[in-house]
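Q: What follows is a single structure, and I will ask about it in a moment.
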Amino acid sequence: MIDAIYAHLPILLIVLPLVAAPCCVLVGNGRAAYLLALVVSFLTFACSIVLLGEALDHDVIRYELGNWSPPYGIEYRVDIFSGFVMAFVSGIGAIVLVYAPLSVRDEIPASKHYLFYATYLLCMTGLLGMCVTGDLFNVFVFLEISSLSSYALISLGRTRRAPLAAFQYLILGSIGATFILIGIGLLYQMTGTLNMADIAARVPHEHGPRTVLVAFAFLTVGLCVKMAVFPLHTWLPNAYTYAPSVVTCFIAATATKVSVYAFVRIIFGIITPGFAFDVLPLDTELMLFSLVGIFIASTAAIYQDNVKRLLAYSSVAQIGYMLLGISMATPTGLSGGIVHMFNHALIKGGLFMVAGCFALRLGSVQLSDWKGAGRTMPFTALAWAIGGLALIGVPLTAGFISKWLLLTSAFETGRWPIAVLMLLSSLLAVVYVWRVVETLFFSEPSEAAANATEAPLRMLVPTYVLIGATLLFGVWTPYSAGIARQAAIALLGGTP
Amino acid sequence: MTLESIAGLYNYWVVIFLMMTGFYIVLARKNLIKSVIGLNIFQTSVFLLYITMGKVDHGTAPIVPPAIAAEQAHAAHGTTEAGHAAVGHAALEHAETAQGLAHDVAHNLADDAISHGSELAHASTEIIYSNPLPSVLMLTAIVVGIATTALALALVVRIREDYGTVDEERILELDRGE
Amino acid sequence: MSAFPIIRIITKLLIPYILLFAFYVQFHGDYGPGGGFQAGVIFASALILYGLVFGLDAIKKVAPPIVIEKCMALGVLVYAGTGALTMALGGKFLDYNVLEHHVLPQWHVPSGQHLGIFLVELGVGITVTAVMTMIFYAFAGRKQVQ
């Protein structure tokens, strides 16, 4: 029996939340739906941890859907990289659900709770599906499952700006997804297959026709929209700001990372780094856009009065660091980019949870309403301080590990200006984190803040789980940077 | 590029025209409903792109003709095993063979590498079929498109209820006025 | 629109045939052109036509929104349940071949692929009917904004 379940793990990862979502609708009761979603998300987390362990111990795990053999049927494959990403995505999905009920009760009408949890599970299904599948068209389908559910989740926000933000995200996101679809279509036209490994083997590179180049361009631009790379990031600040707190925690921590994952898969699995970075100038382009993005988005973050918007701009900047690592295409740089996906998911998830705690107690995420809240809500404010340090990249926090790897790689490849720019950009992060810390601890409490009480334990504990994890993975790295390094070497080894 | 090759690629010109029209409408129109319509046109152009690449010259719909199917069913199951069973098995084999053929066309493999159904495969290779896979993919993409449109229109309905307008400029003005 | 006798009578005449055609497309879909998606849309179009002509209250009596909402979920469960069944029978997810002779006696539905596709299309059909009707309800039920 155990063996049988073991063999089906890659599909269970998708099927569990996919089955649980309609079950939530069938029970039609908020509390029951919540319990079901909670149990399923932890089961999914357990599945992905076991899968990651398997992938580390043995080799790539394959699963043929419907028993059709790979180039014809859909193949699910788990290697170290996808195992790593799906582990932290499902883990954060589970922790955010522990945190969710009070915030959801506060921000979303009770009649919609069961639908909220169903949509949340669908979003998780889509994100995990993108990690696990080895079929390019399947990536598109899961991408749309996760995107459509996240548009719906974002539109549930309290203000009337929420539907508008969701609509703007929907338009840009659909254009991005359609670009990806065009890219997939052109690749299919050239190779006659949709299996990623098979495409990589068949696609003509150096002297191939221009169709391949156009396909790569469409895929890159489409995924850049989904990743919110600097000039294409315009949907992100509004979407993160006006979504309900819980939704922001989950989407900010996972959605863009999974798009980065898909991007890395396509660059290193199909385009191959040799073609993308040597023949095409993709590395300088990416580096340019990520550096410009880091500076502009960080500067924009400094001037925000809405804390969720501040964090959203910071997210755009952090995506820049991930792309910086990817564009260096050395084992150290790539592992820095990959481990930053994980670290940033922890940090940003934790910080948005802190914002959610304040929103629950103070009823606002405007910085001016947070004045002096550090005195009445010391633990919540302390969580912000620690998370903020990690975001800056202070030693002993997770943020330091990823920035250290990126710096090392920049020096290794002799790109010392990039190293200098990265250090300068961290100073900008110091400014925006400090502004909030100053408001929390060193200003006269506003009326709301003076009467506020500490955030409830049910929200504080999950927040500290993520914030604590950033400290833990700042000193103990075999399971973050270690795995990322293995994944990076496997990616650069040419085997997709 | 001669005039002939330009005219010969007319299906791609249609795709490009629709794609650019839709893309322009999405970016330029400030009316939310018109953006949704533009998005629809943009997505439809991609459906056409896929379907046009699935077409094989002189190919018919990828369904095994009933005559060949019946013959095969007859040969495979004999005359004694009657009724449902034979039809069922035959249906299964058609499905497999049709799929095999589709991939044959897709990979440009002239030789009959996939040997699913012996005589049936030989009998039906004489008929040229279109590649069904792009159409199947587009069925999925159409479903995704409908979901996107429905969600987008639902959001527009809510925006109109809250703001009283579907004009993006006006909505932004209202927001600034707060 | 129920005030116009021609529209009313023609609709009443048409609806049974639309439904019948939907069932034909649904149950023919496993070995011919057709299938759950198309059938679901045709089926829902009959419901929506009824709603357009006789009003929202009338159609809500025929297909109560709560039932439609549960049907949306039910269809997905039928699909995923088929996959779970194939896994329980020892195959891969959606490996229809293992359904052969397991679920129904041999003389009636002999082929596993046939049965599997039939079940999956049934799930798709239920969900698509429900979703299309639900979209109609969602838009038709909004109040007028000045």
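Labels used: A, B, ... for chains in the order of the structure tokens, numbers from 1 for residues in each chain, and numbers from 1 for ligands as shown.
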Write out as a compact mmCIF listing (two decimals) with C-alpha atoms, in the first residue's frame every residue belonging to chain A that has an atom at most 7 Å from any atom of chain C, counting only C-alpha atoms.
A:
# COMPACT_ATOMS: atom_id res chain seq x y z
CA VAL A 19 -9.92 17.10 -5.66
CA PRO A 22 -14.49 20.93 -5.56
CA CYS A 23 -15.01 19.17 -2.24
CA VAL A 25 -17.54 23.80 -2.88
CA LEU A 26 -19.63 20.70 -2.21
CA LEU A 65 0.11 10.17 -17.10
CA GLY A 66 -2.41 7.59 -18.30
CA ASN A 67 0.52 5.25 -18.99
Q: Could you list the residues in chain B lying within 10 Å of chain A, using only C-alpha atoms, and format the result as a PyMOL selection string?
A: chain B and resi 23+26-27+32+35-36+38-40+42-47+49-51+53-54+99-100+103-108+133-134+137+140-141+144-145+147-149+151-163+168+171-172+175
Q: Of the candidates A:Pro456, A:Ala390, A:Ser480, A:Thr413, which one gets nearest to A:Gly468 if we count only C-alpha atoms?
A: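 Going through A:Pro456, A:Ala390, A:Ser480, A:Thr413 one by one, the smallest distance to A:Gly468 is for A:Ala390.
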Q: Neighbours of A:Gly183 within 10 Å (only C-alpha atoms; same-chain residues fewer than 5 positions away dropped), as a PyMOL selection string?
A: chain A and resi 177-178+188-189+211-222
Q: Could you find all residues in chain C that DSSP calls helix (DSSP H, G or I) from the backbone, and write them as a PyMOL selection string?
A: chain C and resi 5-28+36-54+56-62+65-88+96-99+112-140
Q: Report as a PyMOL selection string all protein, DNA and RNA residues lying within 12 Å of C:Ala63, evaluated on only C-alpha atoms, omitting residues in the same chain fewer than 6 positions from it.
A: chain C and resi 44+46-48+50-51+56-57+69-71+129-130+133-134+136-137
Q: Please write the residues from the selection above to a file, keeping N, CA and C atoms, as a CSV table (one decimal), in the first residue's frame.
A:
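Below you can see again-v9.csv, which holds the result:
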chain,number,residue,atom,x,y,z
C,44,ALA,N,-26.3,23.7,-21.9
C,44,ALA,CA,-26.5,25.0,-21.2
C,44,ALA,C,-27.2,26.0,-22.1
C,46,ALA,N,-29.6,25.4,-24.0
C,46,ALA,CA,-31.1,25.2,-23.9
C,46,ALA,C,-31.6,25.9,-22.6
C,47,LEU,N,-30.8,25.7,-21.5
C,47,LEU,CA,-31.2,26.3,-20.3
C,47,LEU,C,-31.3,27.8,-20.4
C,48,ILE,N,-30.2,28.4,-21.0
C,48,ILE,CA,-30.1,29.8,-21.1
C,48,ILE,C,-31.2,30.4,-22.0
C,50,TYR,N,-34.2,29.1,-22.3
C,50,TYR,CA,-35.4,29.1,-21.5
C,50,TYR,C,-35.4,30.3,-20.6
C,51,GLY,N,-34.2,30.6,-20.0
C,51,GLY,CA,-34.1,31.7,-19.1
C,51,GLY,C,-34.3,33.0,-19.8
C,56,LEU,N,-35.7,35.0,-15.4
C,56,LEU,CA,-34.7,34.5,-14.5
C,56,LEU,C,-35.4,33.6,-13.4
C,57,ASP,N,-36.6,34.0,-13.0
C,57,ASP,CA,-37.2,33.2,-11.9
C,57,ASP,C,-37.6,31.8,-12.4
C,69,GLU,N,-24.3,25.1,-8.7
C,69,GLU,CA,-23.0,25.3,-8.0
C,69,GLU,C,-22.4,24.0,-7.6
C,70,LYS,N,-23.2,23.1,-7.0
C,70,LYS,CA,-22.7,21.8,-6.6
C,70,LYS,C,-22.3,21.0,-7.8
C,71,CYS,N,-23.1,21.1,-8.9
C,71,CYS,CA,-22.8,20.4,-10.1
C,71,CYS,C,-21.4,20.7,-10.7
C,129,THR,N,-21.8,22.3,-18.4
C,129,THR,CA,-23.2,22.7,-18.3
C,129,THR,C,-23.4,23.7,-17.1
C,130,ALA,N,-22.9,23.2,-16.0
C,130,ALA,CA,-23.1,24.0,-14.8
C,130,ALA,C,-22.4,25.4,-14.9
C,133,THR,N,-24.2,27.8,-17.2
C,133,THR,CA,-25.4,28.3,-16.6
C,133,THR,C,-25.1,29.3,-15.5
C,134,MET,N,-24.0,29.0,-14.8
C,134,MET,CA,-23.6,29.8,-13.7
C,134,MET,C,-23.2,31.2,-14.2
C,136,PHE,N,-24.2,32.6,-16.8
C,136,PHE,CA,-25.5,33.3,-17.1
C,136,PHE,C,-26.1,33.9,-15.9
C,137,TYR,N,-26.2,33.1,-14.8
C,137,TYR,CA,-26.8,33.6,-13.6
C,137,TYR,C,-26.0,34.8,-13.0
Q: Which value, in Å to one decimal, gives the distance between atom CA of A:Leu389 and atom CA of A:Val98?
A: 24.6 Å
Q: Go through C:Pro16, C:Gly112, C:Gly29, C:Gly55 one by one, measure the shortest atom-to-atom distance of each to chain B using only C-alpha atoms, and give the residue with the smallest value.
A: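 The answer is C:Gly112, which sits nearest to chain B.
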Q: If you count only C-alpha atoms, which residues fall within 10 Å of A:Val104, apart from same-chain ones fewer than 4 positions away, as a PyMOL selection string?
A: chain A and resi 97+99-100+108-110+112-113+116-117+244-247+360
Q: If you measure from atom CA of C:Gly125 to atom CA of C:Tyr24, what distance in Å do you get, rounded to one decimal?
A: 11.9 Å
Q: Can you work out the spacing between atom CA of B:Ile142 and atom CA of B:Ile41 in Å, to one decimal?
A: 11.9 Å
Q: B:Val166, B:Ile33, B:Ile63, B:Ala70: which is nearest chain C, counting only C-alpha atoms?
A: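 Closest to chain C of all the choices is B:Ile63.
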Q: List the neighbours of C:Gly34 out to 12 Å using only C-alpha atoms; skip same-chain residues closer than 2 positions along the sequence, and give me the result as a VMD selection string.
A: (chain B and resid 139) or (chain C and resid 21 to 32 36 to 42 117 to 118 121 to 122 124 to 125)
